[in-house]
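Taking it in order: structure first as structure tokens, then the write-up.
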Amino acid sequence: MNGPVSLGIDLGTSELKAILMDTDGAVLAHAGVRLSVSRRHSGWSEQAPEDWWQACLQALDQLRRHEAFARVACIGLSGQMHGAVLLGDDNRVLYPAILWDDSRAVAEAEQLGSAFADVTGSLPMAGLTAPKLLWLQRHEPDVFKAIDCVLSPKDYLRLRLSGERISEMSDAAGTLWLDVARREWFAPMLHATGLTPAQMPRLVEGGAPSARVTASGLGFSADVVIAGGGGDNPVAAVGIGAINAGDGFITLGTSAAIVAITDHAAGNPTSAVHSFCHALPERWYTMGAMLAGASCLRWVTRLTGTADEQTLLDQVQAKLPITQAVPLNTPLFLPYLAGERTPHNDPLLRGGFMNLGHDCTPAMLGYAVMEGVGFGLLDALRAVQSAGASVGACALVGGGARSEYWAQLLANILQREIHTLHGSELSACIGAAKLGLLAVGQGEELLAKGMPVKARYLPDESQQPVLEARYVQFRGLLRAAQALRS
């Protein structure tokens with residue numbers, strides 16, 4: 001086959017992934033490069049944008065060995081949201097990129113208040129981009145004065161590929177500087193953080209052409225088009241086919257979220273529910289976000305000295321079979337290892353175990369962690385519903401989707417069908433590649449094409465009484481956790 005190929009790049013927090021995809025939606029090759037996070041101070045989370053670019057070059061080097069690379073006609077970009085990449089007038093990076101899970105700007109988020117929340121789609125939160133700039137203005141005034149442009153992470157890759165400062169609606173919505181209903185920069189919020197619209201990149205829609213590759217030495221043919229792209233959650237939605245109002249999915253990666261697609265901006269800022277622009281025009285999504293998801297399972301695996309997560313999952317299944325309700329006195333876990341967004345909006349909240357005894361085993365702790373994340377998602381689901389969004393059966397994507405036990409537990413807790421998908425670990429890359437094809441006038445029929453269902457999990461009604469009782473206990477621990485916040 002000699003048709004055009006789309007390159008989909010997803011810049012995650014822990015890994016940059018890239019794929020080559022043809023116009024039928026088939027993934028021809030994929031590559032991945034690990035990334036590390038710097039935590040110079042408690043609550044800080046940073047990466048060097050140059051590391052992203054070097055990871056991108058390494059991924060391209062891996063893909064260049066495939067014959068399809070010579071047919072790349074377009075590029076789509078996906079990436080971690082809410083990061084702040086600060087550029088001088090010469091496009092030099094002025095400061096490490098401040099990431100989505102950085103909590104240094106708590107006071108600044110509170111200072112911004114809720115006056116514009118109905119316009120921007122979210123309450124100001126330390127993890128969103130705008131409060132970070134207010135922190136920089138206060139604590140790094142020389143850096144702040146030198147800022148000529150603020151980009152989101154994946155847009156820095158576009159800059160290196162094309163020399164153009166461009167973003168798109170879905171990532172822009174995550175900055176808190178966008179009027180999400182009008183899909184344009186919102187000057188009053190920019191002014192509240194000491195910035196002007198002139199310091200923002202030009203905006204396009206996710207599937208629109210944004211620029212052409214001008215960087216040399218990458219092995220591309222002439223005139224490769226770069227699509228607008230999008231933030232990781234909306235682009236993953238495009239990848240799995242969640243593009244119409246009523247579609248929903250759960251992402252269970254480093255963080256976790258429950259996402260409902262809408263045909264209008266529909267948020268509930270008072271419950272820390274986000275309303276953001278989708279990566280497709282005239283579409284939005286309502287999201288309840290948790291700051292720690294599958295990362296909680298990685299943490300408890302290390303804590304217990306278990307060899308790996310699968311070993312711990314096997315122990316949980318052996319000691320606490322998913323087909324049986326757990327004893328009511330099983331330990332409980334609050335999943336706030338990195339604070340929380342929906343519905344508590346408290347980056348300083350911290351997690352913990354309760355009801356531990358001498359008889360506690362790693363399996364019991366592993367179960368408590370998975371259940372605690374599930375209860376956190378139930379909190380987020382109820383908050384999303386309070387915004388008027390409809391949430392039915394949900395696809396489950398992200399690293400946590402590999403666990404059949406966890407998928408069934410989520411179905412039991414959320415009282416909804418949960419289904420996993422073949423290839424969902426590449427959903428953001430695939431969504432990015434789809435947007436790339438749209439930018440060259442192809443692939444429209446791929447939008448409605450989802451991913452094949454791997455397995456379906458239906459709620460086990462017999463376990464509902466115990467889970468409801470444990471959820472009440474879980475909610476009852478919140479006040480104690482809030483009393484301990486630093």
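Going by the structure tokens order, chains are called A, B, ..., each with residues numbered from 1, while ligands are numbered from 1 in the order shown.
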
Problem set entry | Shell around A:Phe474 at 9 Å using only C-alpha atoms, local window under 3 positions removed, as a VMD selection string | chain A and resid 332 to 334 372 375 469 to 471 477 to 478

For this session: Within stretch 325-486 of chain A, find each residue whose DSSP state, derived from the backbone, is strand (DSSP E), and express the selection as a count of residues only.
Result: 19

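Considering only C-alpha atoms, the residue among A:Asn355, A:Gln111, A:Asn268, A:Gln408 positioned nearest to A:Gln473 is A:Asn355.
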
Problem set entry | Which of stretch 129-179 of chain A fall in helix (DSSP H, G or I), as an MDAnalysis selection string | chainID A and resid 129:139 141:145 153:162 169:173

Problem set entry | Pick from A:Gly8, A:Pro362, A:Gly83, A:Pro96, whichever lies nearest to A:Asp22 using only C-alpha atoms | A:Gly8

Quick one: residues within 7 Å of stretch 337-348 of chain A, only C-alpha atoms, excluding same-chain residues fewer than 2 positions away - as an mmCIF file with C-alpha atoms, in the first residue's frame?
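Written out: out13.cif:
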```cif
data_model
loop_
_atom_site.group_PDB
_atom_site.id
_atom_site.type_symbol
_atom_site.label_atom_id
_atom_site.label_comp_id
_atom_site.auth_asym_id
_atom_site.auth_seq_id
_atom_site.Cartn_x
_atom_site.Cartn_y
_atom_site.Cartn_z
ATOM 1 C CA SER A 103 0.739 22.447 43.816
ATOM 2 C CA MET A 125 -6.900 25.384 40.912
ATOM 3 C CA SER A 271 -18.003 21.031 42.717
ATOM 4 C CA ALA A 272 -14.650 21.334 40.923
ATOM 5 C CA VAL A 273 -16.148 19.889 37.733
ATOM 6 C CA GLY A 288 -14.322 15.033 37.094
ATOM 7 C CA ALA A 289 -10.598 14.628 37.737
ATOM 8 C CA MET A 290 -8.572 12.793 40.386
ATOM 9 C CA LEU A 291 -4.917 13.678 40.877
ATOM 10 C CA ALA A 292 -3.875 10.096 41.724
ATOM 11 C CA PRO A 335 -6.581 8.092 47.419
ATOM 12 C CA ARG A 350 -3.442 13.802 51.663
ATOM 13 C CA GLY A 351 -4.354 10.140 51.607
ATOM 14 C CA ASP A 379 -17.390 11.119 43.986
ATOM 15 C CA ALA A 380 -16.285 12.514 40.611
ATOM 16 C CA ALA A 383 -20.172 15.752 40.618
ATOM 17 C CA ARG A 485 -3.924 19.009 55.713
ATOM 18 C CA SER A 486 -0.605 20.813 55.831
#
```

For this session: Rank A:Leu320, A:Val238, A:Thr175, A:Gly374 by their smallest atom-to-atom distance to A:Lys449, using only C-alpha atoms, and report the top residue only.
Result: A:Val238

8 Å contact set for A:Ala428, only C-alpha atoms, chain neighbours under 2 positions out, as a short mmCIF file (atom, residue, chain, number, x, y, z; two decimals) with C-alpha atoms, in the first residue's frame:
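Saved the output as result32.cif:
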```cif
data_model
loop_
_atom_site.label_atom_id
_atom_site.label_comp_id
_atom_site.auth_asym_id
_atom_site.auth_seq_id
_atom_site.Cartn_x
_atom_site.Cartn_y
_atom_site.Cartn_z
CA ASP A 10 1.43 11.77 22.58
CA SER A 78 -1.52 15.08 21.99
CA ASP A 232 -4.46 14.02 26.22
CA ASN A 233 -7.98 13.34 27.53
CA VAL A 235 -7.52 13.30 22.07
CA ALA A 236 -7.88 9.89 23.75
CA ALA A 237 -11.63 10.42 23.38
CA VAL A 238 -11.15 10.92 19.63
CA GLY A 239 -9.03 7.76 19.60
CA GLU A 425 -3.05 2.14 25.67
CA LEU A 426 -2.41 3.94 22.37
CA ILE A 430 -4.45 7.12 17.61
CA GLY A 431 -6.64 10.16 18.30
CA ALA A 432 -3.72 12.44 17.41
#
```

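Here the question is which of A:Ala411, A:Ile261, A:Leu94, A:Ile240 gets nearest to A:Leu378 using only C-alpha atoms, and that residue is A:Ala411.
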
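Each of A:Asp101, A:Asp61, A:Glu309, A:Glu417 was checked against A:Tyr367 using only C-alpha atoms; the smallest atom-to-atom distance is that of A:Glu309.
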
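Considering only C-alpha atoms, the residue among A:Val213, A:Ala260, A:Ala395, A:Leu7 positioned nearest to A:Pro452 is A:Ala395.
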
For this session: Compile the contact shell of A:Asp308 as a PyMOL selection string: residues with an atom at most 10 Å away, counting only C-alpha atoms, same-chain residues fewer than 4 positions apart removed.
Result: chain A and resi 297-298+301-302+312-313

Output file for the residues above (C-alpha atoms, as a PDB file, in the first residue's frame):
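File produced: part.pdb:
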```
ATOM      1  CA  LEU A 297      -1.399   0.997  42.968  1.00  0.00           C
ATOM      2  CA  ARG A 298       2.229   1.544  41.933  1.00  0.00           C
ATOM      3  CA  THR A 301       3.232  -2.125  45.412  1.00  0.00           C
ATOM      4  CA  ARG A 302       6.487  -0.378  46.370  1.00  0.00           C
ATOM      5  CA  LEU A 312      -0.025  -7.780  44.051  1.00  0.00           C
ATOM      6  CA  LEU A 313      -3.151  -8.061  41.888  1.00  0.00           C
TER       7      LEU A 313
END
```

Problem set entry | Point-to-point distance in Å for atom CA of A:Leu409 and atom CA of A:Val397 |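 If I compute the distance from atom CA of A:Val397 to atom CA of A:Leu409, I get 14.8 Å.
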
For this session: Could you give me, as number ranges by chain, the residues within 12 Å of A:Leu136, counting only C-alpha atoms and dropping anything in the same chain fewer than 3 positions from it?
Result: A: 84, 86, 94-98, 104-105, 108, 129-133, 139-147, 193-195

Quick one: write out the picked residues with N, CA and C atoms as a short mmCIF file (atom, residue, chain, number, x, y, z; two decimals), in the first residue's frame?
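Here's the written file selection.cif:
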```cif
data_model
loop_
_atom_site.label_atom_id
_atom_site.label_comp_id
_atom_site.auth_asym_id
_atom_site.auth_seq_id
_atom_site.Cartn_x
_atom_site.Cartn_y
_atom_site.Cartn_z
N ALA A 84 2.92 24.76 31.97
CA ALA A 84 3.30 26.10 31.55
C ALA A 84 4.71 26.10 30.99
N LEU A 86 7.33 28.52 29.30
CA LEU A 86 7.55 29.96 29.25
C LEU A 86 8.64 30.28 28.25
N LEU A 94 12.50 29.86 29.35
CA LEU A 94 12.98 30.71 30.44
C LEU A 94 13.03 30.02 31.80
N TYR A 95 12.31 28.88 31.93
CA TYR A 95 12.13 28.28 33.26
C TYR A 95 11.65 26.85 33.03
N PRO A 96 11.93 25.91 33.94
CA PRO A 96 11.39 24.56 33.76
C PRO A 96 9.87 24.58 33.60
N ALA A 97 9.35 23.69 32.78
CA ALA A 97 7.90 23.61 32.60
C ALA A 97 7.24 23.16 33.91
N ILE A 98 6.26 23.92 34.38
CA ILE A 98 5.54 23.59 35.61
C ILE A 98 4.35 22.72 35.21
N ARG A 104 2.32 24.31 43.87
CA ARG A 104 2.93 25.50 44.51
C ARG A 104 1.99 26.71 44.48
N ALA A 105 1.03 26.75 43.57
CA ALA A 105 0.23 27.97 43.37
C ALA A 105 -1.12 27.90 44.09
N GLU A 108 -2.28 31.40 45.09
CA GLU A 108 -2.61 32.19 43.90
C GLU A 108 -3.95 31.76 43.31
N THR A 129 -3.11 26.19 34.58
CA THR A 129 -1.97 27.00 34.16
C THR A 129 -1.98 28.41 34.73
N ALA A 130 -3.13 29.06 34.74
CA ALA A 130 -3.18 30.48 35.10
C ALA A 130 -2.60 30.79 36.48
N PRO A 131 -2.96 30.05 37.55
CA PRO A 131 -2.38 30.38 38.86
C PRO A 131 -0.87 30.26 38.90
N LYS A 132 -0.30 29.37 38.08
CA LYS A 132 1.15 29.21 38.05
C LYS A 132 1.84 30.50 37.60
N LEU A 133 1.20 31.22 36.67
CA LEU A 133 1.80 32.46 36.19
C LEU A 133 1.72 33.55 37.26
N HIS A 139 7.03 35.28 42.66
CA HIS A 139 8.25 34.67 43.18
C HIS A 139 9.44 34.69 42.21
N GLU A 140 9.16 34.84 40.91
CA GLU A 140 10.24 34.89 39.91
C GLU A 140 9.97 36.09 38.99
N PRO A 141 10.01 37.31 39.54
CA PRO A 141 9.61 38.48 38.74
C PRO A 141 10.46 38.71 37.49
N ASP A 142 11.75 38.39 37.55
CA ASP A 142 12.60 38.58 36.37
C ASP A 142 12.21 37.63 35.25
N VAL A 143 11.92 36.39 35.62
CA VAL A 143 11.44 35.42 34.62
C VAL A 143 10.11 35.90 34.04
N PHE A 144 9.22 36.33 34.91
CA PHE A 144 7.89 36.74 34.46
C PHE A 144 7.99 37.91 33.47
N LYS A 145 8.83 38.88 33.76
CA LYS A 145 8.96 40.05 32.88
C LYS A 145 9.48 39.67 31.50
N ALA A 146 10.23 38.57 31.42
CA ALA A 146 10.83 38.16 30.14
C ALA A 146 9.89 37.31 29.29
N ILE A 147 8.72 36.96 29.82
CA ILE A 147 7.81 36.05 29.09
C ILE A 147 7.23 36.75 27.86
N THR A 193 -3.86 37.65 35.66
CA THR A 193 -2.58 36.98 35.92
C THR A 193 -1.41 37.76 35.33
N GLY A 194 -1.64 39.02 35.01
CA GLY A 194 -0.56 39.88 34.56
C GLY A 194 -0.16 39.70 33.11
N LEU A 195 -1.02 39.07 32.31
CA LEU A 195 -0.69 38.78 30.91
C LEU A 195 -1.67 39.47 29.97
#
```

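Relative to atom CA of A:Gly246, atom CA of A:Pro459 is found at 19.9 Å.
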
For this session: Excluding A:Ala448 and any residue of its chain fewer than 6 positions from it, enumerate the residues within 8 Å of it, using only C-alpha atoms, and give them as a list in words.
Result: Gly241, Ala242 and Ile243 of chain A

Prev. selection, C-alpha atoms, output as a compact mmCIF listing (two decimals), in the first residue's frame:
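Here's the written file selection-v1.txt:
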```
# COMPACT_ATOMS: atom_id res chain seq x y z
CA GLY A 241 -14.59 7.18 19.23
CA ALA A 242 -16.09 9.20 22.13
CA ILE A 243 -17.09 12.17 20.02
```
